[in-house]
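The block underneath contains the structure these notes are about, expressed in structure tokens.
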There are 4 protein chains.
Amino acid sequence: MSYNTFGHLFRFTTWGESHGEAIGCVVDGVPPNIALSGKDIQPYMDARKPRQSRFTTQRKESDKVKILSGVFEGKTTGTPISIVIYNEDIRSKDYSNIANKFRPGHADFTYNEKYGIRDPRGGGRSSARETAMRVAAGAIARKILGKSINIRGALIKIGTKEINRNNWNWAQINKNPFFSPDVKAIKDWEKYLNEIRKKGSSVGAVIEIVASGVPAGLGEPVYGKLDSELANAMMSINAVKGVEIGAGMSAAELTGEKNADQIRKNGKNVEFLSNNAGGILGGISSGQDIVVRFAVKPTSSILTPVKTIDKNGKNTEI
Amino acid sequence: MSYNTFGHLFRFTTWGESHGEAIGCVVDGVPPNIALSGKDIQPYMDARKPRQSRFTTQRKESDKVKILSGVFEGKTTGTPISIVIYNEDIRSKDYSNIANKFRPGHADFTYNEKYGIRDPRGGGRSSARETAMRVAAGAIARKILGKSINIRGALIKIGTKEINRNNWNWAQINKNPFFSPDVKAIKDWEKYLNEIRKKGSSVGAVIEIVASGVPAGLGEPVYGKLDSELANAMMSINAVKGVEIGAGMSAAELTGEKNADQIRKNGKNVEFLSNNAGGILGGISSGQDIVVRFAVKPTSSILTPVKTIDKNGKNTEI
Amino acid sequence: MSYNTFGHLFRFTTWGESHGEAIGCVVDGVPPNIALSGKDIQPYMDARKPRQSRFTTQRKESDKVKILSGVFEGKTTGTPISIVIYNEDIRSKDYSNIANKFRPGHADFTYNEKYGIRDPRGGGRSSARETAMRVAAGAIARKILGKSINIRGALIKIGTKEINRNNWNWAQINKNPFFSPDVKAIKDWEKYLNEIRKKGSSVGAVIEIVASGVPAGLGEPVYGKLDSELANAMMSINAVKGVEIGAGMSAAELTGEKNADQIRKNGKNVEFLSNNAGGILGGISSGQDIVVRFAVKPTSSILTPVKTIDKNGKNTEI
Amino acid sequence: MSYNTFGHLFRFTTWGESHGEAIGCVVDGVPPNIALSGKDIQPYMDARKPRQSRFTTQRKESDKVKILSGVFEGKTTGTPISIVIYNEDIRSKDYSNIANKFRPGHADFTYNEKYGIRDPRGGGRSSARETAMRVAAGAIARKILGKSINIRGALIKIGTKEINRNNWNWAQINKNPFFSPDVKAIKDWEKYLNEIRKKGSSVGAVIEIVASGVPAGLGEPVYGKLDSELANAMMSINAVKGVEIGAGMSAAELTGEKNADQIRKNGKNVEFLSNNAGGILGGISSGQDIVVRFAVKPTSSILTPVKTIDKNGKNTEI
């Protein structure tokens with residue numbers, strides 16, 4: 001189970017099982033002399049934590065970040081930064097009743113096929129908790145980038161319910177439990193999710209990420225295209241089943257003249273009259289907003305019984 | 001402009017500009033003692049070539065593959081295989097009138113931003129012709145895999161016109177100029193494309209790839225997920241703006257119980273009652289068909305004039 | 001300061017400054033189901049520790065290894081193994097008087113040139129303490145290899161005093177403070193080193209590593225040659241200035257017929273009549289003992305004053 | 001047989017068997033807008049070619065370099081540069097009498113163990129002819145570096161005969177068939193080699209490479225040390241058995257105060273009073289000359305019969 005490292009010049013290696021003693025990462029390639037402390041990372045960890053809302057997982061972790069290396073007197077030294085979070089909510093026993101069954105929609109079956117191990121502790125590395133360390137590494141990346149690049153995300157669709165893009169307001173996303181940029185969608189979503197919860201079911205979602213201020217010229221033009229790297233990164237997040245750049249899958253429906261973002265000179269600046277390209281042309285950033293969208297499948301941990309098999313290959317339900 | 005290499009154990013490096021003297025690739029990591037000659041590669045090159053149909057680009061290349069190394073007496077030796085195709089249809093002059101303008105929807109602008117070069121020869125490496133060498137490397141990969149793994153593709157949507165999946169018939173895809181698996185869609189598509197052509201326009205498409213016979217257990221569970229690698233690969237193809245695995249973007253709309261592919265034992269075999277996962281769970285193949293879909297934006301080389309700027313930053317049309 | 005990762009399929013990333021809070025590593029690519037606990041690693045850490053002898057550095061660390069991930073119920077799971085050692089002997093203050101001077105023979109000057117930082121805590125990552133984590137990762141590698149491959153090392157030269165190879169006895173190396181395989185050399189070495197110590201000086205050494213039981217066929221024949229990889233690894237150890245395989249530098253003095261190890265069939269086995277190749281031909285292991293030798297320069301932390309400059313570029317002594 | 005790629009940001013992939021149709025390489029990572037033509041590469045290929053002297057191999061190749069991609073109107077474009085040399089002197093038949101025997105000191109035995117193939121054409125990729133492509137890639141690297149960095153090499157020892165370093169004169173190396181910097185050594189070497197040739201024998205050599213003008217700060221401090229990378233590179237050259245940086249193996253014999261190169265300020269410049277470090281401290285260049293030395297074993301293609309086995313495992317001579 002190698003390949004726990006992500007990135008090129010800036011790269012991090014994550015480790016730790018969801019229900020093991022600790023999780024952590026080693027961030028390599030950080031330039032020296034950048035001011036950094038746990039306080040730069042903690043807010044992102046806190047924002048990532050399941051909120052105190054009925055709509056999310058009930059696991060509780062304080063997720064206190066500890067930096068063990070790479071920082072000296074408040075500044076990075078250029079050496080690898082080791083980050084650790086000790087797990088508090090270790091409840092292996094909770095999983096005892098499912099230890100022998102393969103949960104449909106989970107990685108239980110494929111892990112067992114690959115490693116010959118049925119680790120009942122939440123699927124080991126396949127748990128969404130692994131993403132905590134991506135958030136930590138991302139917080140350091142943001143510190144390196146500084147304020148010129150602004151990366152924001154929003155939930156734009158829950159199940160079959162999509163926002164109205166005309167109502168888009170970035171200021172709203174941190175003011176509602178859904179990270180919705182459309183304040184008018186919230187009531188509808190609450191009602192919709194309550195019904196789904198009552199049925200013991202779950203539903204998927206679509207998230208949109210927008211990076212503003214990215215300079216033109218980033219990305220390699222053939223196998224290291226910026227959009228390839230982003231697709232790779234997004235698809236490596238648990239439960240993601242589709243990734244779109246700009247117009248995405250609907251680019252297929254556009255005509256050539258509608259799709260090609262026309263270019264104008266506006267004073268000293270180059271302007272595009274639309275952004276179907278999602279800020280990337282030929283794999284290279286154009287200076288427009290980078291727009292990435294991805295779909296997350298519904299959680300498979302539901303109350304409705306579904307058919308499966310156990311470790312001995314016998315048909316059963318879970 | 002590095003990053004012209006793709007793959008891990010089996011990996012290839014492509015080179016050559018669309019309108020330069022030749023294109024080629026070096027394929028590394030091929031096991032020894034595999035029977036291989038140009039005849040194993042040529043059929044795939046021929047299948048890739050724009051057919052003699054009105055619906056595609058008019059460039060003509062015989063695309064004769066030559067193997068320069070790595071094969072001895074009809075068998076691979078384990079050393080790198082160097083493949084070359086000499087370009088015949090070198091028409092740099094055709095581009096003279098556009099040499100100073102940035103074509104919207106093309107990589108002209110971003111290449112110029114990155115490299116400070118406006119290479120008028122079809123955008124250099126950003127041309128779709130680069131994919132010829134992926135096809136050649138893929139033909140070798142297929143030879144290594146043998147017949148146990150069957151990889152097929154079909155065009156399932158042109159513009160707004162989608163096939164009826166109930167009519168899916170793999171036997172049809174090579175019998176029509178659209179690679180459609182739905183014979184009933186063809187007439188409609190012909191009429192639709194003729195209209196678009198008459199308007200001097202173009203339209204996008206969606207392609208679906210299915211790999212059958214892939215054993216369970218392939219893929220690394222965190223940053224080398226099989227679906228991440230596939231998303232990376234597909235997104236690195238020119239003009240691709242979205243990639244889906246299994247249910248893809250529509251996974252967002254499914255409920256937990258509908259999405260989770262239930263598991264049954266059927267005699268000795270493990271069976272899944274659906275394939276929303278597209279054959280991949282937790283980044284690892286499950287033994288089901290691997291299903292990948294991607295959207296291609298419409299070609300931006302159209303007859304309709306669009307707004308753009310020239311090398312001097314002056315507003316113009318193209 | 002990237003590049004803190006070593007290895008390909010089995011690879012580890014080390015982190016931690018010599019005089020920071022902790023040091024550690026993440027070991028990736030370990031197969032599942034291998035019995036592993038701290039007890040498999042600790043003996044190697046203990047053997048690495050400066051012994052209670054007058055001839056070595058006086059730093060005292062208990063070097064207790066803690067495994068934070070990748071092991072479940074005494075067996076590896078295939079996930080990354082995170083190892084940490086908390087530093088005890090943190091004496092940054094000791095370095096205060098040298099904080100402003102560049103120590104000749106140390107990395108102080110080059111680190112300052114590269115990072116613009118003069119970290120007085122023992123040179124940060126350039127300390128020999130970084131090798132502790134190589135030893136930990138190596139202990140895991142040995143556990144994977146099992147007992148079929150036997151890797152041993154010996155000190156064969158101190159300063160100008162070399163062992164007599166005719167007296168070579170592996171059983172002796174752990175019975176004397178010098179790891180000498182020649183018991184007759186010890187007395188001479190003790191006297192020699194005492195004299196050097198009295199002068200406030202130091203001296204270098206040559207170490208020989210022998211790996212027995214390595215199967216034929218390991219190593220890639222061009223840029224991933226087994227000997228290239230070994231040279232890379234040995235040269236990355238602090239203070240190493242030369243690396244030899246088999247006959248090494250003295251291969252230059254051999255004639256063709258003396259150098260080429262002749263081959264004989266002995267029953268079922270292939271035998272070589274000598275081992276000038278050091279077990280590697282064309283970059284690939286031959287099945288003979290792999291023999292690697294490297295020279296370590298004398299420690300530059302000596303009592304004799306030497307000329308240098310300070311941070312302000314003024315001439316001084318240290 | 002993967003691993004035919006060398007380098008990081010600037011990297012090249014070589015291909016081609018010594019006695020196949022052609023050899024070549026793909027050089028990736030070359031910046032755009034650098035003036036480049038075959039004329040920049042050819043002189044290095046010519047210098048590499050065995051000279052018309054009695055002392056070297058008799059193979060004759062004109063080694064005319066052809067650039068197939070990556071250069072447009074005399075300047076690099078940033079895309080990969082494909083270089084090819086068509087082999088002329090293809091004499092597979094010459095090897096027919098040795099096709100069934102494993103030549104001692106050659107890679108025949110280990111290749112057969114690894115690949116199960118006995119390719120009689122000069123050992124395929126293990127031939128020294130593979131280095132031709134390193135030279136071609138190196139010529140491009142020099143073009144990128146420009147004239148500020150000067151890399152030169154000299155033969156300093158043949159068999160047991162070493163030059164007198166007091167006679168070192170770089171101006172001499174291209175004026176004698178031995179690349180000797182000591183004009184006084186030549187006569188002695190001629191006589192010595194003539195005797196060895198008469199006996200049907202061969203002998204090894206030591207080469208020293210000096211890179212001047214390398215700025216301080218290059219190299220990564222742990223696993224990407226500049227000296228590790230150099231050791232890796234040198235050891236990957238055929239027949240190399242030892243690599244030294246600066247004082248090299250003899251650093252073991254130095255005392256701490258002799259070894260540590262003292263530092264002085266000389267006007268605006270930092271000066272070192274010696275160069276035992278070979279220009280590298282803690283894996284990072286110091287600004288001094290980089291000094292690398294390596295030993296080449298004697299060619300094993302000699303007239304004296306030696307013992308070996310054949311493909312069927314029978315004892316024989318060659």
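Chain labels run A, B, ... following the order of the structure tokens; each chain numbers its residues from 1, and ligands are numbered from 1 in the order shown.
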Chain C contacts on chain A, only C-alpha atoms, 10 Å, as a ChimeraX atom specification: /A:1-5,8-33,67-72,77-82,84,86,114-119,121,124-125
Residue contacts of region 233-236 of chain D (8 Å, only C-alpha atoms) excluding same-chain residues fewer than 6 positions away, as an MDAnalysis selection string: (chainID C and resid 222:225 227:228 231 283) or (chainID D and resid 242:243 294)
DSSP strand (DSSP E or B) residues within region 106-227 of chain D, listed as a ChimeraX atom specification: /D:150-158,161-162,203,205-212
Would you export the selected residues with all heavy atoms as a compact mmCIF listing (two decimals), in the first residue's frame, please?
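Done, and the output landed in result_32.txt:
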```txt
# COMPACT_ATOMS: atom_id res chain seq x y z
N ASN D 150 32.33 25.52 -16.39
CA ASN D 150 33.31 24.86 -17.24
C ASN D 150 33.58 23.46 -16.70
O ASN D 150 34.09 23.31 -15.59
CB ASN D 150 34.60 25.70 -17.25
CG ASN D 150 35.59 25.21 -18.28
OD1 ASN D 150 35.24 24.42 -19.16
ND2 ASN D 150 36.82 25.68 -18.19
N ILE D 151 33.24 22.43 -17.48
CA ILE D 151 33.41 21.05 -17.03
C ILE D 151 34.47 20.37 -17.88
O ILE D 151 34.35 20.30 -19.10
CB ILE D 151 32.07 20.27 -17.14
CG1 ILE D 151 30.96 21.02 -16.39
CG2 ILE D 151 32.23 18.85 -16.61
CD1 ILE D 151 29.57 20.55 -16.71
N ARG D 152 35.51 19.90 -17.23
CA ARG D 152 36.61 19.26 -17.94
C ARG D 152 36.98 17.94 -17.29
O ARG D 152 36.75 17.75 -16.09
CB ARG D 152 37.84 20.18 -17.93
CG ARG D 152 37.62 21.43 -18.77
CD ARG D 152 38.78 22.38 -18.67
NE ARG D 152 38.90 22.96 -17.34
CZ ARG D 152 39.74 23.96 -17.03
NH1 ARG D 152 40.51 24.48 -17.97
NH2 ARG D 152 39.80 24.43 -15.81
N GLY D 153 37.59 17.05 -18.06
CA GLY D 153 38.00 15.77 -17.52
C GLY D 153 39.40 15.39 -17.97
O GLY D 153 39.86 15.86 -19.01
N ALA D 154 40.05 14.55 -17.19
CA ALA D 154 41.40 14.11 -17.54
C ALA D 154 41.61 12.69 -17.06
O ALA D 154 41.01 12.26 -16.07
CB ALA D 154 42.43 15.04 -16.90
N LEU D 155 42.47 11.97 -17.78
CA LEU D 155 42.86 10.63 -17.34
C LEU D 155 44.07 10.80 -16.43
O LEU D 155 45.08 11.38 -16.85
CB LEU D 155 43.23 9.79 -18.57
CG LEU D 155 43.30 8.28 -18.38
CD1 LEU D 155 41.90 7.71 -18.16
CD2 LEU D 155 43.92 7.62 -19.61
N ILE D 156 43.95 10.34 -15.19
CA ILE D 156 45.06 10.61 -14.26
C ILE D 156 45.83 9.35 -13.87
O ILE D 156 46.86 9.44 -13.22
CB ILE D 156 44.56 11.32 -12.98
CG1 ILE D 156 43.56 10.45 -12.22
CG2 ILE D 156 43.95 12.67 -13.34
CD1 ILE D 156 43.29 10.95 -10.82
N LYS D 157 45.32 8.19 -14.30
CA LYS D 157 46.00 6.96 -13.93
C LYS D 157 45.63 5.87 -14.94
O LYS D 157 44.46 5.73 -15.29
CB LYS D 157 45.56 6.54 -12.52
CG LYS D 157 46.33 5.39 -11.91
CD LYS D 157 45.83 5.10 -10.49
CE LYS D 157 46.57 3.96 -9.85
NZ LYS D 157 46.00 3.60 -8.54
N ILE D 158 46.66 5.16 -15.41
CA ILE D 158 46.42 3.97 -16.24
C ILE D 158 47.09 2.81 -15.53
O ILE D 158 48.30 2.86 -15.28
CB ILE D 158 46.99 4.15 -17.65
CG1 ILE D 158 46.16 5.17 -18.44
CG2 ILE D 158 47.01 2.82 -18.39
CD1 ILE D 158 46.58 5.30 -19.90
N LYS D 161 50.11 3.26 -13.17
CA LYS D 161 50.88 4.47 -13.50
C LYS D 161 50.04 5.73 -13.33
O LYS D 161 49.09 5.96 -14.08
CB LYS D 161 51.35 4.39 -14.96
CG LYS D 161 52.06 3.11 -15.33
CD LYS D 161 53.52 3.14 -14.87
CE LYS D 161 54.24 1.89 -15.36
NZ LYS D 161 55.61 1.83 -14.82
N GLU D 162 50.42 6.55 -12.38
CA GLU D 162 49.65 7.75 -12.10
C GLU D 162 50.41 8.99 -12.58
O GLU D 162 51.63 8.99 -12.67
CB GLU D 162 49.40 7.85 -10.58
CG GLU D 162 48.24 8.72 -10.22
CD GLU D 162 47.67 8.41 -8.84
OE1 GLU D 162 48.08 7.40 -8.23
OE2 GLU D 162 46.81 9.19 -8.37
N VAL D 203 43.99 -3.07 -19.16
CA VAL D 203 44.22 -2.50 -17.85
C VAL D 203 43.21 -1.38 -17.60
O VAL D 203 42.65 -0.83 -18.55
CB VAL D 203 45.70 -2.00 -17.77
CG1 VAL D 203 45.84 -0.63 -18.41
CG2 VAL D 203 46.20 -1.99 -16.34
N ALA D 205 41.71 2.26 -15.47
CA ALA D 205 42.14 3.66 -15.45
C ALA D 205 41.33 4.47 -14.45
O ALA D 205 40.28 4.02 -13.98
CB ALA D 205 41.98 4.27 -16.84
N VAL D 206 41.87 5.64 -14.11
CA VAL D 206 41.13 6.57 -13.25
C VAL D 206 40.96 7.90 -13.97
O VAL D 206 41.92 8.42 -14.56
CB VAL D 206 41.85 6.79 -11.90
CG1 VAL D 206 41.11 7.84 -11.06
CG2 VAL D 206 41.95 5.48 -11.12
N ILE D 207 39.75 8.42 -13.95
CA ILE D 207 39.43 9.69 -14.61
C ILE D 207 39.01 10.71 -13.56
O ILE D 207 38.33 10.37 -12.59
CB ILE D 207 38.31 9.48 -15.66
CG1 ILE D 207 38.84 8.71 -16.86
CG2 ILE D 207 37.74 10.81 -16.13
CD1 ILE D 207 38.34 7.32 -16.97
N GLU D 208 39.44 11.94 -13.75
CA GLU D 208 39.03 13.01 -12.83
C GLU D 208 38.26 14.08 -13.60
O GLU D 208 38.69 14.52 -14.67
CB GLU D 208 40.26 13.63 -12.15
CG GLU D 208 39.90 14.66 -11.09
CD GLU D 208 41.08 15.02 -10.19
OE1 GLU D 208 41.78 14.10 -9.71
OE2 GLU D 208 41.31 16.22 -9.98
N ILE D 209 37.12 14.46 -13.04
CA ILE D 209 36.27 15.48 -13.65
C ILE D 209 36.25 16.69 -12.74
O ILE D 209 36.06 16.55 -11.53
CB ILE D 209 34.82 14.97 -13.82
CG1 ILE D 209 34.78 13.61 -14.48
CG2 ILE D 209 33.96 16.00 -14.55
CD1 ILE D 209 35.08 13.60 -15.94
N VAL D 210 36.43 17.88 -13.31
CA VAL D 210 36.40 19.10 -12.51
C VAL D 210 35.39 20.07 -13.13
O VAL D 210 35.48 20.39 -14.32
CB VAL D 210 37.80 19.76 -12.46
CG1 VAL D 210 37.74 21.06 -11.65
CG2 VAL D 210 38.81 18.79 -11.84
N ALA D 211 34.44 20.49 -12.32
CA ALA D 211 33.48 21.49 -12.78
C ALA D 211 33.75 22.80 -12.06
O ALA D 211 33.61 22.88 -10.84
CB ALA D 211 32.05 21.01 -12.52
N SER D 212 34.13 23.80 -12.83
CA SER D 212 34.43 25.12 -12.25
C SER D 212 33.29 26.08 -12.52
O SER D 212 32.62 25.99 -13.55
CB SER D 212 35.70 25.69 -12.87
OG SER D 212 36.76 24.76 -12.74
```
Test item, alpha helix (DSSP H) assignment across region 161-318 of chain B, answer as a ChimeraX atom specification: /B:186-198,226-235,256-259
Contacts of region 260-274 of chain A at 10 Å (only C-alpha atoms; same-chain gap of 4+ positions) as a PyMOL selection string: (chain A and resi 254-256+278-279+286-288) or (chain B and resi 102-106+109+297-302+306-310+313-317)
d(CA of Ala35 (chain B), CA of Lys64 (chain B)) in Å: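 Separation of CA of Ala35 (chain B) and CA of Lys64 (chain B): 19.2 Å.
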Between CA of Ile34 (chain D) and CA of Asn100 (chain B), distance in Å (one decimal):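 So the answer is 21.5 Å.
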Closest of C:Ser250, C:Lys258, C:Lys39, C:Gly138 to Thr304 (chain D) - atom-to-atom distances counting only C-alpha atoms: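 Distance minimum relative to Thr304 (chain D) lands on C:Lys258.
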Near-region 190-192 of chain B list (9 Å; only C-alpha atoms; drop same-chain fewer than 3 positions) as a PyMOL selection string: chain B and resi 55+158-159+161+185-187+195-197
May I have the residues from that selection written out with all heavy atoms, as an mmCIF file, in the first residue's frame?
```cif
data_model
loop_
_atom_site.group_PDB
_atom_site.id
_atom_site.type_symbol
_atom_site.label_atom_id
_atom_site.label_comp_id
_atom_site.auth_asym_id
_atom_site.auth_seq_id
_atom_site.Cartn_x
_atom_site.Cartn_y
_atom_site.Cartn_z
ATOM 1 N N PHE B 55 -17.246 14.099 -41.506
ATOM 2 C CA PHE B 55 -17.466 14.622 -40.166
ATOM 3 C C PHE B 55 -16.197 14.901 -39.378
ATOM 4 O O PHE B 55 -16.236 15.296 -38.229
ATOM 5 C CB PHE B 55 -18.382 13.671 -39.385
ATOM 6 C CG PHE B 55 -19.662 13.406 -40.115
ATOM 7 C CD1 PHE B 55 -19.959 12.153 -40.602
ATOM 8 C CD2 PHE B 55 -20.553 14.439 -40.347
ATOM 9 C CE1 PHE B 55 -21.129 11.916 -41.292
ATOM 10 C CE2 PHE B 55 -21.734 14.209 -41.038
ATOM 11 C CZ PHE B 55 -22.024 12.941 -41.522
ATOM 12 N N ILE B 158 -23.434 13.084 -28.906
ATOM 13 C CA ILE B 158 -22.877 14.156 -29.748
ATOM 14 C C ILE B 158 -23.725 15.381 -29.488
ATOM 15 O O ILE B 158 -24.944 15.340 -29.670
ATOM 16 C CB ILE B 158 -22.917 13.776 -31.236
ATOM 17 C CG1 ILE B 158 -21.896 12.671 -31.534
ATOM 18 C CG2 ILE B 158 -22.623 14.994 -32.100
ATOM 19 C CD1 ILE B 158 -21.776 12.342 -33.019
ATOM 20 N N GLY B 159 -23.095 16.461 -29.068
ATOM 21 C CA GLY B 159 -23.863 17.660 -28.734
ATOM 22 C C GLY B 159 -24.925 17.299 -27.705
ATOM 23 O O GLY B 159 -24.618 16.757 -26.642
ATOM 24 N N LYS B 161 -27.401 15.203 -28.335
ATOM 25 C CA LYS B 161 -28.034 13.942 -28.746
ATOM 26 C C LYS B 161 -27.340 12.737 -28.118
ATOM 27 O O LYS B 161 -26.196 12.430 -28.464
ATOM 28 C CB LYS B 161 -27.963 13.800 -30.270
ATOM 29 C CG LYS B 161 -28.472 14.998 -31.062
ATOM 30 C CD LYS B 161 -29.977 14.985 -31.122
ATOM 31 C CE LYS B 161 -30.489 16.135 -31.989
ATOM 32 N NZ LYS B 161 -31.954 16.200 -31.988
ATOM 33 N N ALA B 185 -29.251 5.521 -33.378
ATOM 34 C CA ALA B 185 -28.900 6.938 -33.182
ATOM 35 C C ALA B 185 -28.252 7.549 -34.414
ATOM 36 O O ALA B 185 -28.236 8.771 -34.593
ATOM 37 C CB ALA B 185 -27.960 7.071 -31.989
ATOM 38 N N ILE B 186 -27.747 6.702 -35.295
ATOM 39 C CA ILE B 186 -26.865 7.179 -36.368
ATOM 40 C C ILE B 186 -27.528 8.182 -37.310
ATOM 41 O O ILE B 186 -26.974 9.244 -37.607
ATOM 42 C CB ILE B 186 -26.316 5.967 -37.159
ATOM 43 C CG1 ILE B 186 -25.490 5.082 -36.205
ATOM 44 C CG2 ILE B 186 -25.458 6.426 -38.323
ATOM 45 C CD1 ILE B 186 -25.078 3.766 -36.779
ATOM 46 N N LYS B 187 -28.720 7.836 -37.784
ATOM 47 C CA LYS B 187 -29.400 8.718 -38.742
ATOM 48 C C LYS B 187 -29.609 10.106 -38.156
ATOM 49 O O LYS B 187 -29.351 11.122 -38.793
ATOM 50 C CB LYS B 187 -30.735 8.105 -39.150
ATOM 51 C CG LYS B 187 -30.784 7.945 -40.657
ATOM 52 C CD LYS B 187 -32.053 7.395 -41.167
ATOM 53 C CE LYS B 187 -31.751 6.938 -42.602
ATOM 54 N NZ LYS B 187 -32.646 5.848 -42.989
ATOM 55 N N GLU B 195 -26.265 19.762 -40.176
ATOM 56 C CA GLU B 195 -26.755 21.114 -39.881
ATOM 57 C C GLU B 195 -25.676 21.961 -39.216
ATOM 58 O O GLU B 195 -25.480 23.127 -39.556
ATOM 59 C CB GLU B 195 -27.996 21.042 -38.976
ATOM 60 C CG GLU B 195 -29.265 20.664 -39.747
ATOM 61 C CD GLU B 195 -30.383 20.227 -38.821
ATOM 62 O OE1 GLU B 195 -30.284 20.503 -37.591
ATOM 63 O OE2 GLU B 195 -31.334 19.593 -39.301
ATOM 64 N N ILE B 196 -24.989 21.367 -38.301
ATOM 65 C CA ILE B 196 -23.928 22.094 -37.600
ATOM 66 C C ILE B 196 -22.804 22.472 -38.568
ATOM 67 O O ILE B 196 -22.291 23.602 -38.539
ATOM 68 C CB ILE B 196 -23.403 21.254 -36.407
ATOM 69 C CG1 ILE B 196 -24.433 21.325 -35.280
ATOM 70 C CG2 ILE B 196 -22.049 21.734 -35.939
ATOM 71 C CD1 ILE B 196 -24.283 20.274 -34.224
ATOM 72 N N ARG B 197 -22.450 21.521 -39.429
ATOM 73 C CA ARG B 197 -21.413 21.800 -40.425
ATOM 74 C C ARG B 197 -21.810 22.952 -41.338
ATOM 75 O O ARG B 197 -21.002 23.817 -41.675
ATOM 76 C CB ARG B 197 -21.134 20.555 -41.268
ATOM 77 C CG ARG B 197 -20.177 19.575 -40.602
ATOM 78 C CD ARG B 197 -19.400 18.786 -41.661
ATOM 79 N NE ARG B 197 -20.260 18.393 -42.756
ATOM 80 C CZ ARG B 197 -19.924 18.494 -44.033
ATOM 81 N NH1 ARG B 197 -18.764 18.997 -44.384
ATOM 82 N NH2 ARG B 197 -20.753 18.092 -44.978
#
```
